[in-house]
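Listing of work-v2.cif; format and content: mmCIF, C-alpha atoms.
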```cif
data_final
#
loop_
_atom_site.label_atom_id
_atom_site.label_comp_id
_atom_site.auth_asym_id
_atom_site.auth_seq_id
_atom_site.Cartn_x
_atom_site.Cartn_y
_atom_site.Cartn_z
CA MET X 1 -130.96 218.72 -14.39
CA SER X 2 -134.17 216.74 -14.57
CA ALA X 3 -137.05 217.79 -12.31
CA VAL X 4 -137.35 214.26 -10.96
CA ASN X 5 -136.73 213.96 -7.23
CA PHE X 6 -133.45 212.06 -7.16
CA PHE X 7 -130.56 211.50 -4.77
CA VAL X 8 -127.03 210.25 -5.41
CA VAL X 9 -125.57 207.60 -3.09
CA VAL X 10 -121.85 206.81 -2.84
CA PRO X 11 -120.60 204.07 -0.48
CA THR X 12 -117.04 204.97 0.56
CA LEU X 13 -114.05 203.57 2.39
CA ASN X 14 -110.86 205.64 2.60
CA ALA X 15 -111.79 207.53 -0.54
CA ALA X 16 -109.63 210.61 0.00
CA ASN X 17 -107.33 209.72 -2.90
CA ASP X 18 -110.36 209.28 -5.16
CA TRP X 19 -112.02 212.46 -3.97
CA PRO X 20 -110.93 214.89 -6.75
CA ARG X 21 -112.09 212.44 -9.41
CA LEU X 22 -115.38 211.72 -7.66
CA THR X 23 -116.28 215.31 -6.86
CA SER X 24 -115.62 216.32 -10.46
CA LEU X 25 -118.71 214.27 -11.28
CA LEU X 26 -120.84 215.74 -8.50
CA VAL X 27 -119.83 219.28 -7.51
CA GLY X 28 -121.43 221.94 -9.67
CA SER X 29 -123.83 219.61 -11.48
CA ILE X 30 -125.80 218.32 -8.47
CA ALA X 31 -127.07 220.13 -5.38
CA ALA X 32 -124.91 219.07 -2.44
CA ASP X 33 -127.91 218.14 -0.32
CA ARG X 34 -128.85 215.52 -2.90
CA VAL X 35 -125.67 213.51 -2.25
CA LEU X 36 -125.47 210.87 0.47
CA ILE X 37 -122.04 209.50 1.39
CA LEU X 38 -122.34 206.13 3.14
CA ASP X 39 -118.95 205.81 4.78
CA SER X 40 -117.61 202.59 6.29
CA SER X 41 -115.66 204.30 9.11
CA SER X 42 -112.83 205.59 6.93
CA THR X 43 -109.54 206.31 8.67
CA ASP X 44 -108.53 209.05 6.23
CA GLN X 45 -110.22 212.38 5.52
CA THR X 46 -113.16 211.00 3.51
CA ALA X 47 -115.88 211.98 5.97
CA ASN X 48 -114.40 215.45 6.52
CA LEU X 49 -114.05 216.08 2.79
CA ALA X 50 -117.64 214.99 2.21
CA ALA X 51 -118.96 217.21 4.98
CA ALA X 52 -116.93 220.17 3.69
CA ALA X 53 -118.51 219.69 0.26
CA GLY X 54 -121.94 219.94 1.88
CA PHE X 55 -122.82 216.31 1.30
CA ARG X 56 -124.85 214.33 3.77
CA VAL X 57 -122.63 211.80 5.56
CA HIS X 58 -123.86 208.64 7.26
CA ALA X 59 -121.21 206.43 8.88
CA ILE X 60 -121.48 202.72 9.57
CA PRO X 61 -119.01 200.37 11.27
CA ARG X 62 -116.70 198.82 8.71
CA SER X 63 -117.66 195.35 9.92
CA GLU X 64 -121.30 196.02 8.98
CA PHE X 65 -120.64 196.83 5.31
CA ASN X 66 -122.50 194.59 2.90
CA HIS X 67 -122.85 195.31 -0.81
CA GLY X 68 -126.61 194.84 -0.82
CA GLY X 69 -127.45 195.66 2.79
CA THR X 70 -125.52 198.95 2.80
CA ARG X 71 -127.22 200.12 -0.39
CA GLN X 72 -130.59 199.14 1.03
CA LEU X 73 -129.77 201.25 4.08
CA ALA X 74 -129.45 204.21 1.72
CA VAL X 75 -132.87 203.44 0.26
CA GLU X 76 -134.34 203.52 3.75
CA LEU X 77 -132.49 206.72 4.68
CA LEU X 78 -133.98 208.50 1.64
CA PRO X 79 -137.71 207.74 1.77
CA ASP X 80 -138.63 210.81 -0.31
CA ALA X 81 -136.46 209.89 -3.28
CA GLU X 82 -138.17 208.92 -6.52
CA ILE X 83 -134.90 207.83 -8.11
CA LEU X 84 -131.70 206.71 -6.38
CA VAL X 85 -128.46 206.99 -8.35
CA PHE X 86 -125.64 204.77 -7.09
CA LEU X 87 -121.96 205.41 -7.78
CA THR X 88 -118.80 203.80 -6.50
CA GLN X 89 -115.96 205.97 -5.25
CA ASP X 90 -113.63 205.04 -8.10
CA VAL X 91 -115.68 206.37 -11.01
CA GLY X 92 -114.40 209.35 -12.96
CA LEU X 93 -115.97 212.15 -14.94
CA ALA X 94 -116.48 211.55 -18.64
CA GLN X 95 -119.08 214.29 -19.11
CA SER X 96 -120.71 216.85 -16.83
CA ASP X 97 -124.26 215.77 -17.67
CA ALA X 98 -123.78 212.01 -17.21
CA ILE X 99 -126.26 211.71 -14.35
CA SER X 100 -128.80 213.96 -16.07
CA LEU X 101 -128.64 211.77 -19.18
CA LEU X 102 -129.05 208.62 -17.07
CA LEU X 103 -132.17 210.04 -15.42
CA GLN X 104 -133.82 210.59 -18.80
CA ALA X 105 -134.43 206.85 -19.04
CA PHE X 106 -137.08 207.18 -16.34
CA VAL X 107 -139.34 209.24 -18.62
CA ASP X 108 -140.70 205.78 -19.46
CA PRO X 109 -142.76 204.86 -16.37
CA ALA X 110 -142.07 201.16 -16.98
CA VAL X 111 -138.29 201.61 -16.54
CA ALA X 112 -137.29 200.50 -13.03
CA ALA X 113 -133.51 200.72 -13.40
CA ALA X 114 -130.96 202.29 -15.72
CA PHE X 115 -127.21 202.04 -16.00
CA GLY X 116 -124.72 204.02 -17.99
CA ARG X 117 -121.74 203.32 -20.16
CA GLN X 118 -118.37 202.70 -18.50
CA LEU X 119 -115.24 203.67 -20.40
CA PRO X 120 -111.77 202.34 -19.51
CA ARG X 121 -109.48 204.47 -17.39
CA ARG X 122 -107.17 206.64 -19.46
CA GLU X 123 -104.23 204.66 -18.07
CA GLY X 124 -106.05 201.34 -18.52
CA THR X 125 -104.59 198.22 -20.11
CA PRO X 126 -105.74 196.76 -23.46
CA SER X 127 -107.63 194.08 -21.53
CA GLU X 128 -109.45 196.74 -19.50
CA ALA X 129 -110.39 198.52 -22.72
CA HIS X 130 -111.69 195.30 -24.26
CA ALA X 131 -113.82 194.47 -21.21
CA ARG X 132 -115.50 197.85 -21.37
CA VAL X 133 -116.15 197.65 -25.11
CA PHE X 134 -117.51 194.11 -24.71
CA ASN X 135 -119.87 194.90 -21.81
CA TYR X 136 -120.76 198.52 -22.59
CA PRO X 137 -121.46 199.01 -26.31
CA ALA X 138 -122.05 202.37 -27.95
CA GLN X 139 -125.75 201.66 -28.58
CA SER X 140 -128.41 202.14 -25.93
CA SER X 141 -131.00 199.44 -25.31
CA VAL X 142 -133.97 198.55 -23.13
CA ARG X 143 -134.41 195.07 -21.71
CA THR X 144 -137.57 193.26 -20.67
CA LEU X 145 -138.17 189.72 -19.47
CA ALA X 146 -138.55 188.69 -23.11
CA SER X 147 -134.92 189.75 -23.66
CA ARG X 148 -133.73 186.59 -21.93
CA GLU X 149 -134.76 184.61 -25.00
CA GLN X 150 -132.06 186.36 -27.02
CA LEU X 151 -129.60 187.56 -24.36
CA GLY X 152 -129.86 184.83 -21.74
CA PHE X 153 -127.92 185.71 -18.60
CA LYS X 154 -126.76 188.96 -20.22
CA ALA X 155 -130.33 190.27 -19.87
CA ILE X 156 -129.71 190.93 -16.16
CA PHE X 157 -126.30 192.55 -16.60
CA ILE X 158 -126.09 195.86 -14.72
CA SER X 159 -123.44 197.67 -12.68
CA ASN X 160 -123.99 199.65 -9.49
CA SER X 161 -120.82 201.61 -10.20
CA PHE X 162 -123.11 203.87 -12.21
CA ALA X 163 -126.78 202.92 -12.02
CA ALA X 164 -130.12 204.36 -10.95
CA TYR X 165 -133.28 202.77 -9.57
CA ARG X 166 -136.91 203.82 -9.30
CA ARG X 167 -137.49 203.56 -5.55
CA ASP X 168 -141.08 202.31 -5.77
CA ALA X 169 -140.10 199.50 -8.14
CA LEU X 170 -137.08 198.61 -6.03
CA MET X 171 -139.14 198.34 -2.87
CA ALA X 172 -141.85 196.38 -4.68
CA VAL X 173 -139.35 193.55 -5.30
CA GLY X 174 -138.00 193.63 -1.75
CA GLY X 175 -135.16 196.12 -2.17
CA PHE X 176 -131.52 195.14 -2.44
CA PRO X 177 -130.79 191.72 -0.93
CA GLY X 178 -128.87 191.97 2.34
CA GLU X 179 -127.37 188.51 2.64
CA VAL X 180 -125.40 188.11 -0.58
CA ILE X 181 -121.63 188.10 -1.00
CA PHE X 182 -122.02 190.63 -3.82
CA GLY X 183 -123.94 190.85 -7.09
CA GLU X 184 -126.84 192.62 -5.42
CA ASP X 185 -127.36 194.52 -8.67
CA THR X 186 -127.68 191.31 -10.71
CA ILE X 187 -130.20 189.80 -8.31
CA THR X 188 -132.22 193.01 -8.20
CA ALA X 189 -132.22 193.28 -11.99
CA ALA X 190 -133.50 189.72 -12.26
CA LYS X 191 -136.32 190.39 -9.79
CA LEU X 192 -137.31 193.57 -11.61
CA LEU X 193 -137.53 191.85 -14.99
CA LEU X 194 -139.50 188.94 -13.52
CA ALA X 195 -141.90 191.47 -12.01
CA GLY X 196 -142.56 192.99 -15.45
CA TRP X 197 -140.35 196.10 -15.26
CA LYS X 198 -137.84 197.31 -17.86
CA ILE X 199 -134.09 197.98 -17.46
CA ALA X 200 -132.45 200.64 -19.63
CA TYR X 201 -128.86 200.80 -20.77
CA VAL X 202 -128.03 204.44 -21.51
CA ALA X 203 -124.90 204.54 -23.65
CA GLU X 204 -124.99 208.34 -23.86
CA ALA X 205 -124.37 208.62 -20.08
CA LYS X 206 -120.67 207.89 -19.61
CA VAL X 207 -118.16 207.58 -16.78
CA TYR X 208 -114.61 206.27 -16.56
CA HIS X 209 -114.39 203.08 -14.56
CA SER X 210 -112.25 199.98 -14.99
CA HIS X 211 -109.85 197.75 -13.07
CA SER X 212 -106.61 195.94 -13.75
CA TYR X 213 -106.87 192.85 -11.57
CA THR X 214 -104.03 190.46 -10.85
CA TRP X 215 -104.70 186.82 -11.58
CA MET X 216 -105.23 186.21 -7.85
CA GLN X 217 -107.73 189.03 -7.62
CA GLU X 218 -109.54 187.56 -10.62
CA PHE X 219 -109.56 184.17 -8.86
CA ARG X 220 -111.06 185.66 -5.68
CA ARG X 221 -113.62 187.71 -7.58
CA TYR X 222 -114.82 184.73 -9.57
CA PHE X 223 -114.87 182.59 -6.45
CA ASP X 224 -117.40 185.06 -5.08
CA ILE X 225 -119.39 184.94 -8.32
CA GLY X 226 -119.49 181.15 -7.98
CA VAL X 227 -120.75 181.49 -4.40
CA LEU X 228 -123.46 183.88 -5.60
CA HIS X 229 -124.59 181.50 -8.34
CA HIS X 230 -124.55 178.55 -5.93
CA ARG X 231 -126.65 180.33 -3.32
CA GLU X 232 -128.94 182.11 -5.76
CA SER X 233 -129.31 179.30 -8.27
CA TRP X 234 -132.78 180.54 -9.25
CA ILE X 235 -131.22 183.24 -11.40
CA LEU X 236 -129.47 180.56 -13.49
CA HIS X 237 -132.74 178.66 -13.77
CA GLU X 238 -134.60 181.78 -14.93
CA PHE X 239 -131.94 183.32 -17.18
CA GLY X 240 -129.53 180.51 -18.04
CA GLY X 241 -125.91 179.99 -17.12
CA ALA X 242 -123.12 182.47 -17.72
CA GLY X 243 -120.75 179.96 -19.34
CA GLY X 244 -121.67 180.77 -22.93
CA GLU X 245 -121.16 184.48 -22.38
CA GLY X 246 -117.84 183.77 -20.65
CA GLY X 247 -116.59 181.77 -23.61
CA ARG X 248 -117.63 184.51 -26.01
CA PHE X 249 -115.77 187.06 -23.88
CA VAL X 250 -112.52 185.04 -23.97
CA ARG X 251 -112.68 184.57 -27.74
CA SER X 252 -113.37 188.26 -28.20
CA GLU X 253 -110.48 189.27 -25.93
CA LEU X 254 -107.98 187.05 -27.74
CA HIS X 255 -109.14 188.46 -31.05
CA ALA X 256 -108.74 192.02 -29.70
CA LEU X 257 -105.19 191.34 -28.51
CA TRP X 258 -103.96 189.67 -31.70
CA PRO X 259 -101.72 190.76 -33.26
CA THR X 260 -101.29 194.29 -31.84
CA HIS X 261 -100.75 193.14 -28.24
CA TRP X 262 -99.87 189.50 -28.82
CA TRP X 263 -97.44 189.39 -25.88
CA LEU X 264 -100.34 189.85 -23.47
CA ILE X 265 -102.06 186.64 -24.59
CA PRO X 266 -100.19 184.26 -22.19
CA SER X 267 -101.14 186.48 -19.24
CA THR X 268 -104.71 186.63 -20.48
CA LEU X 269 -104.89 182.83 -20.58
CA VAL X 270 -103.56 182.62 -17.01
CA HIS X 271 -106.26 185.08 -15.91
CA THR X 272 -108.89 183.03 -17.74
CA VAL X 273 -107.84 179.83 -15.95
CA ALA X 274 -107.85 181.68 -12.60
CA LYS X 275 -111.40 182.87 -13.24
CA LEU X 276 -112.59 179.39 -14.20
CA VAL X 277 -110.99 177.64 -11.22
CA GLY X 278 -112.20 180.33 -8.82
CA TYR X 279 -115.74 180.13 -10.17
CA ARG X 280 -115.92 176.36 -9.93
CA LEU X 281 -114.60 176.39 -6.37
CA GLY X 282 -117.20 179.02 -5.52
CA ARG X 283 -119.97 176.80 -6.88
CA MET X 284 -118.64 174.09 -4.52
CA GLU X 285 -118.48 176.39 -1.49
CA SER X 286 -120.82 174.20 0.58
CA ARG X 287 -118.02 171.61 0.74
CA LEU X 288 -115.47 174.11 2.06
CA SER X 289 -114.88 175.27 5.61
CA VAL X 290 -115.54 178.90 6.51
CA ARG X 291 -111.81 179.29 7.07
CA TRP X 292 -111.05 178.27 3.50
CA LYS X 293 -113.87 180.35 2.05
CA ARG X 294 -112.53 183.41 3.82
CA ARG X 295 -109.07 182.74 2.38
CA LEU X 296 -110.38 182.30 -1.16
CA SER X 297 -112.86 185.19 -1.22
CA MET X 298 -112.43 188.80 -2.29
CA ASN X 299 -115.17 189.84 0.17
CA ARG X 300 -113.72 188.28 3.27
CA GLN X 301 -115.85 190.23 5.73
CA PHE X 302 -118.89 188.37 4.36
CA TRP X 303 -117.72 185.18 6.08
CA ARG X 304 -117.61 186.62 9.59
#
```

Produce C-alpha cells that represent the structure in this file.
Amino acid sequence: MSAVNFFVVVPTLNAANDWPRLTSLLVGSIAADRVLILDSSSTDQTANLAAAAGFRVHAIPRSEFNHGGTRQLAVELLPDAEILVFLTQDVGLAQSDAISLLLQAFVDPAVAAAFGRQLPRREGTPSEAHARVFNYPAQSSVRTLASREQLGFKAIFISNSFAAYRRDALMAVGGFPGEVIFGEDTITAAKLLLAGWKIAYVAEAKVYHSHSYTWMQEFRRYFDIGVLHHRESWILHEFGGAGGEGGRFVRSELHALWPTHWWLIPSTLVHTVAKLVGYRLGRMESRLSVRWKRRLSMNRQFWR
C-alpha cells in the first residue's frame, strides 16, 4: 500500500447485509485503524460488526445525516489525513488493490481528487451495465478547468461511492458543502477545478457498484438533481447544462439495447420520461410547498 497517510471513510446505515461485500474490500488490504465508519444510528449489527473488525466507529443521529455535512464531519474527525478515501456501503470488491491504485493518482501534487471505475453488479440489468460503460470508460484521464471546453458539465463528474480527496485541497475550497440535498461531490469537483486543481479518473482502480431503480425512484432522484441545479445554478453557468449529456446518454442506451434486449426499450423510455419530469419539477422547487417537496424527493430528511 502507498506510504501516503490516508484514511478510508464509509457512511453507513443498517449495512449488516452489505458487510461481507464491504469488508472484502477493506479487511486484509488496509490497516483497521485507517477505517472510519460513520454510522447513522443503525438498528442492526452494523456498529458491532465494525467495532469487531477493529474499525473506528463514530455514530450520529439518523436525523442529522447529510450527504455533504456528514462527509465533512469525517474530514474534521481525521485532521492528520493527507488523503481521504470515501466509499459507500454498497460497493463490492473487484480487485484487492483497488484503493492502492486509486491513491497512485496523488503522486501528481496538482491532483486534488481521484475516482475509480465502477463496474455493474454481477446480477445487474443491461441498463445498469450500459450506465457504467457510459460513465466509467476503460481509459483513465485527468481533468482540469480547461476540460470544460470539450467536456462541459461532464468535466465535474465524480462519484463518492469510490473517490479520494487531498485534504489540504478540499479544505482550501471550503470542504464538502453541508446544505445541499446531495451532489456534494459534483459541487466540490467544480470548486476544485475553478481553484486550479486537477481531478483524476483512474480506470485501473475498480469496484462493483450499480443500481436498478424503479421509474419512481428515478423520478425522485432526478427531482433532487433538479433541486441541486436550481439552488447551485453557478455550476451550470460555469460548466454548462447537463441536457446535452442526458440526450447523448439516452441515445446510447437505446443503441445498446437494440436489438439484443429490444423488449426493455419501452421500460427505458418510461424511465427517461420519469427522469425528465422529475428534473424539471426539481428546477421549479421554489414554487412547491415543503410538503410536496418532501413527497417528491428521494432525500426526504433534507426537507425537515

Task: Which residue of X:Asn48, X:Ser159, X:Arg21, X:Lys154 approaches Phe249 (chain X) most closely, using only C-alpha atoms - done: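 When distances to Phe249 (chain X) are compared using only C-alpha atoms, the smallest one comes from X:Lys154.
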
Task: Exercise: Asp97 (chain X) partners within 10 Å, all atoms listed in the file, chain neighbours under 6 positions left out, as number ranges by chain - done: X: 1, 25-26, 29-30, 204-206

Residues matched by the PyMOL selection byres ((chain X and resi 132-149) around 9) as a compact mmCIF listing (two decimals) with C-alpha atoms, keeping the file's coordinate frame:
```
# COMPACT_ATOMS: atom_id res chain seq x y z
CA VAL X 111 -138.29 201.61 -16.54
CA ALA X 114 -130.96 202.29 -15.72
CA GLY X 116 -124.72 204.02 -17.99
CA ARG X 117 -121.74 203.32 -20.16
CA GLN X 118 -118.37 202.70 -18.50
CA LEU X 119 -115.24 203.67 -20.40
CA PRO X 120 -111.77 202.34 -19.51
CA SER X 127 -107.63 194.08 -21.53
CA GLU X 128 -109.45 196.74 -19.50
CA ALA X 129 -110.39 198.52 -22.72
CA HIS X 130 -111.69 195.30 -24.26
CA ALA X 131 -113.82 194.47 -21.21
CA GLN X 150 -132.06 186.36 -27.02
CA LEU X 151 -129.60 187.56 -24.36
CA GLY X 152 -129.86 184.83 -21.74
CA PHE X 153 -127.92 185.71 -18.60
CA LYS X 154 -126.76 188.96 -20.22
CA ALA X 155 -130.33 190.27 -19.87
CA ILE X 156 -129.71 190.93 -16.16
CA PHE X 157 -126.30 192.55 -16.60
CA ALA X 190 -133.50 189.72 -12.26
CA LEU X 192 -137.31 193.57 -11.61
CA LEU X 193 -137.53 191.85 -14.99
CA LEU X 194 -139.50 188.94 -13.52
CA ALA X 195 -141.90 191.47 -12.01
CA GLY X 196 -142.56 192.99 -15.45
CA TRP X 197 -140.35 196.10 -15.26
CA LYS X 198 -137.84 197.31 -17.86
CA ILE X 199 -134.09 197.98 -17.46
CA ALA X 200 -132.45 200.64 -19.63
CA TYR X 201 -128.86 200.80 -20.77
CA VAL X 202 -128.03 204.44 -21.51
CA ALA X 203 -124.90 204.54 -23.65
CA GLU X 204 -124.99 208.34 -23.86
CA HIS X 209 -114.39 203.08 -14.56
CA SER X 210 -112.25 199.98 -14.99
CA GLU X 238 -134.60 181.78 -14.93
CA PHE X 239 -131.94 183.32 -17.18
CA GLY X 240 -129.53 180.51 -18.04
CA PHE X 249 -115.77 187.06 -23.88
CA SER X 252 -113.37 188.26 -28.20
CA GLU X 253 -110.48 189.27 -25.93
```

- [ ] Could you tell me which of X:Arg220, X:Arg56, X:Arg166, X:His237 comes closest to Met298 (chain X) if we count only C-alpha atoms?
- [x] X:Arg220

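Neighbours of Thr12 (chain X) closer than or equal to 9 Å, with all atoms listed in the file counted and sequence neighbours fewer than 4 positions away skipped, come out as Ile37, Leu38, Asp39, Ser40, Ser41, Ser42, Thr46, Ala47, Thr88 and Gln89 of chain X.
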
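With CA of Glu64 (chain X) on one side and CA of Phe182 (chain X) on the other, the separation reads 13.9 Å.
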
- [ ] Using the chain letters and numbering of this document, enumerate as a list in words the residues selected by the PyMOL selection byres ((chain X and resi 178) around 9).
- [x]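 Output from the PyMOL selection byres ((chain X and resi 178) around 9), applied to this file: Asn66, His67, Gly68, Gly69, Thr70, Arg71, Gln72, Gly175, Phe176, Pro177, Glu179, Val180, Ile181 and Glu184 of chain X.
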
Open item on the list: Suppose a student applies the PyMOL selection byres ((chain X and resi 86) around 9) to this structure; what residues should they get, written as a list in words?
Closed with: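 Output from the PyMOL selection byres ((chain X and resi 86) around 9), applied to this file: Phe7, Val8, Val9, Val10, Pro11, Arg71, Leu84, Val85, Leu87, Thr88, Asn160, Ser161, Phe162, Ala163, Ala164 and Tyr165 of chain X.
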
Convert the current residue selection to file output with C-alpha atoms, as a PDB file, keeping the file's coordinate frame.
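result24.pdb, freshly written:
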```pdb
ATOM      1  CA  PHE X   7    -130.560 211.500  -4.770  1.00  0.00           C
ATOM      2  CA  VAL X   8    -127.030 210.250  -5.410  1.00  0.00           C
ATOM      3  CA  VAL X   9    -125.570 207.600  -3.090  1.00  0.00           C
ATOM      4  CA  VAL X  10    -121.850 206.810  -2.840  1.00  0.00           C
ATOM      5  CA  PRO X  11    -120.600 204.070  -0.480  1.00  0.00           C
ATOM      6  CA  ARG X  71    -127.220 200.120  -0.390  1.00  0.00           C
ATOM      7  CA  LEU X  84    -131.700 206.710  -6.380  1.00  0.00           C
ATOM      8  CA  VAL X  85    -128.460 206.990  -8.350  1.00  0.00           C
ATOM      9  CA  LEU X  87    -121.960 205.410  -7.780  1.00  0.00           C
ATOM     10  CA  THR X  88    -118.800 203.800  -6.500  1.00  0.00           C
ATOM     11  CA  ASN X 160    -123.990 199.650  -9.490  1.00  0.00           C
ATOM     12  CA  SER X 161    -120.820 201.610 -10.200  1.00  0.00           C
ATOM     13  CA  PHE X 162    -123.110 203.870 -12.210  1.00  0.00           C
ATOM     14  CA  ALA X 163    -126.780 202.920 -12.020  1.00  0.00           C
ATOM     15  CA  ALA X 164    -130.120 204.360 -10.950  1.00  0.00           C
ATOM     16  CA  TYR X 165    -133.280 202.770  -9.570  1.00  0.00           C
TER      17      TYR X 165
END
```

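In terms of minimum interatomic distance to Arg287 (chain X), X:His230 ranks closest within X:His230, X:Val207, X:Pro20, X:Val173, counting only C-alpha atoms.
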
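For the atom pair formed by CA of Leu36 (chain X) and CA of His58 (chain X), the distance is 7.3 Å, given to one decimal.
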
Task: Between CA of Leu77 (chain X) and CA of Ala98 (chain X) - distance in Å to one decimal - done: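 Here the two named atoms are 24.1 Å from each other.
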
Task: Point (-105.9, 207.3, -4.3), cut-off 12 Å, counting all atoms listed in the file, residues as a PyMOL selection string - done: chain X and resi 13-22+44-46+89-91

Open item on the list: Taking only C-alpha atoms into account, name the residue in X:Gly246, X:Lys275, X:Ile187, X:Pro266 that is nearest to Glu232 (chain X).
Closed with: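 Going through X:Gly246, X:Lys275, X:Ile187, X:Pro266 one by one, the smallest distance to Glu232 (chain X) is for X:Ile187.
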
TODO: Counting all atoms listed in the file, find the residues whose atoms lie at most 9 Å from (-118.7, 184.4, -4.9) (file coordinates) and write them out as a ChimeraX atom specification.
DONE: /X:180-183,220-230,278-279,282-283,285,297-299

- [ ] Return the single residue from X:Phe65, X:Leu49, X:Val4, X:Thr125 that is closest to Leu102 (chain X), with distances computed using only C-alpha atoms.
- [x]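 Counting only C-alpha atoms, the residue closest to Leu102 (chain X) is X:Val4.
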
Give me, as a PDB file with C-alpha atoms, in the coordinates of the input, all polymer residues having an atom no more than 9 Å from His271 (chain X), counting all atoms listed in the file and skipping those fewer than 5 positions away in the same chain.
```pdb
ATOM      1  CA  TYR X 213    -106.870 192.850 -11.570  1.00  0.00           C
ATOM      2  CA  THR X 214    -104.030 190.460 -10.850  1.00  0.00           C
ATOM      3  CA  TRP X 215    -104.700 186.820 -11.580  1.00  0.00           C
ATOM      4  CA  MET X 216    -105.230 186.210  -7.850  1.00  0.00           C
ATOM      5  CA  GLU X 218    -109.540 187.560 -10.620  1.00  0.00           C
ATOM      6  CA  PHE X 219    -109.560 184.170  -8.860  1.00  0.00           C
ATOM      7  CA  PRO X 266    -100.190 184.260 -22.190  1.00  0.00           C
ATOM      8  CA  LEU X 276    -112.590 179.390 -14.200  1.00  0.00           C
TER       9      LEU X 276
END
```

Open item on the list: Just checking: using only C-alpha atoms, which residue out of X:Arg34, X:Arg291, X:Lys191, X:Arg280 ends up closest to Ala112 (chain X)?
Closed with: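 Once distances to Ala112 (chain X) are computed over only C-alpha atoms, the minimum belongs to X:Lys191.
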
Could I see region 115-130 of chain X restored to N, CA and C atoms, set down as a short mmCIF file (atom, residue, chain, number, x, y, z; two decimals), keeping the file's coordinate frame?
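Saved the output as result_25.cif:
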```
data_model
loop_
_atom_site.label_atom_id
_atom_site.label_comp_id
_atom_site.auth_asym_id
_atom_site.auth_seq_id
_atom_site.Cartn_x
_atom_site.Cartn_y
_atom_site.Cartn_z
N PHE X 115 -128.65 201.95 -16.25
CA PHE X 115 -127.21 202.04 -16.00
C PHE X 115 -126.52 202.63 -17.21
N GLY X 116 -125.41 203.31 -16.93
CA GLY X 116 -124.72 204.02 -17.99
C GLY X 116 -123.52 203.27 -18.54
N ARG X 117 -122.89 203.92 -19.49
CA ARG X 117 -121.74 203.32 -20.16
C ARG X 117 -120.46 203.59 -19.37
N GLN X 118 -119.65 202.57 -19.18
CA GLN X 118 -118.37 202.70 -18.50
C GLN X 118 -117.25 202.61 -19.52
N LEU X 119 -116.41 203.63 -19.52
CA LEU X 119 -115.24 203.67 -20.40
C LEU X 119 -114.00 203.28 -19.60
N PRO X 120 -112.98 202.72 -20.24
CA PRO X 120 -111.77 202.34 -19.51
C PRO X 120 -111.03 203.57 -19.01
N ARG X 121 -110.34 203.40 -17.90
CA ARG X 121 -109.48 204.47 -17.39
C ARG X 121 -108.50 204.90 -18.48
N ARG X 122 -108.11 206.16 -18.44
CA ARG X 122 -107.17 206.64 -19.46
C ARG X 122 -105.86 205.87 -19.42
N GLU X 123 -105.46 205.43 -18.21
CA GLU X 123 -104.23 204.66 -18.07
C GLU X 123 -104.48 203.16 -18.11
N GLY X 124 -105.67 202.75 -18.55
CA GLY X 124 -106.05 201.34 -18.52
C GLY X 124 -105.28 200.49 -19.52
N THR X 125 -105.27 199.19 -19.25
CA THR X 125 -104.59 198.22 -20.11
C THR X 125 -105.47 197.86 -21.30
N PRO X 126 -104.91 197.22 -22.33
CA PRO X 126 -105.74 196.76 -23.46
C PRO X 126 -106.86 195.81 -23.02
N SER X 127 -106.59 194.99 -22.02
CA SER X 127 -107.63 194.08 -21.53
C SER X 127 -108.75 194.85 -20.85
N GLU X 128 -108.42 195.90 -20.10
CA GLU X 128 -109.45 196.74 -19.50
C GLU X 128 -110.32 197.37 -20.59
N ALA X 129 -109.66 197.87 -21.63
CA ALA X 129 -110.39 198.52 -22.72
C ALA X 129 -111.33 197.52 -23.39
N HIS X 130 -110.84 196.31 -23.62
CA HIS X 130 -111.69 195.30 -24.26
C HIS X 130 -112.90 194.98 -23.41
#
```
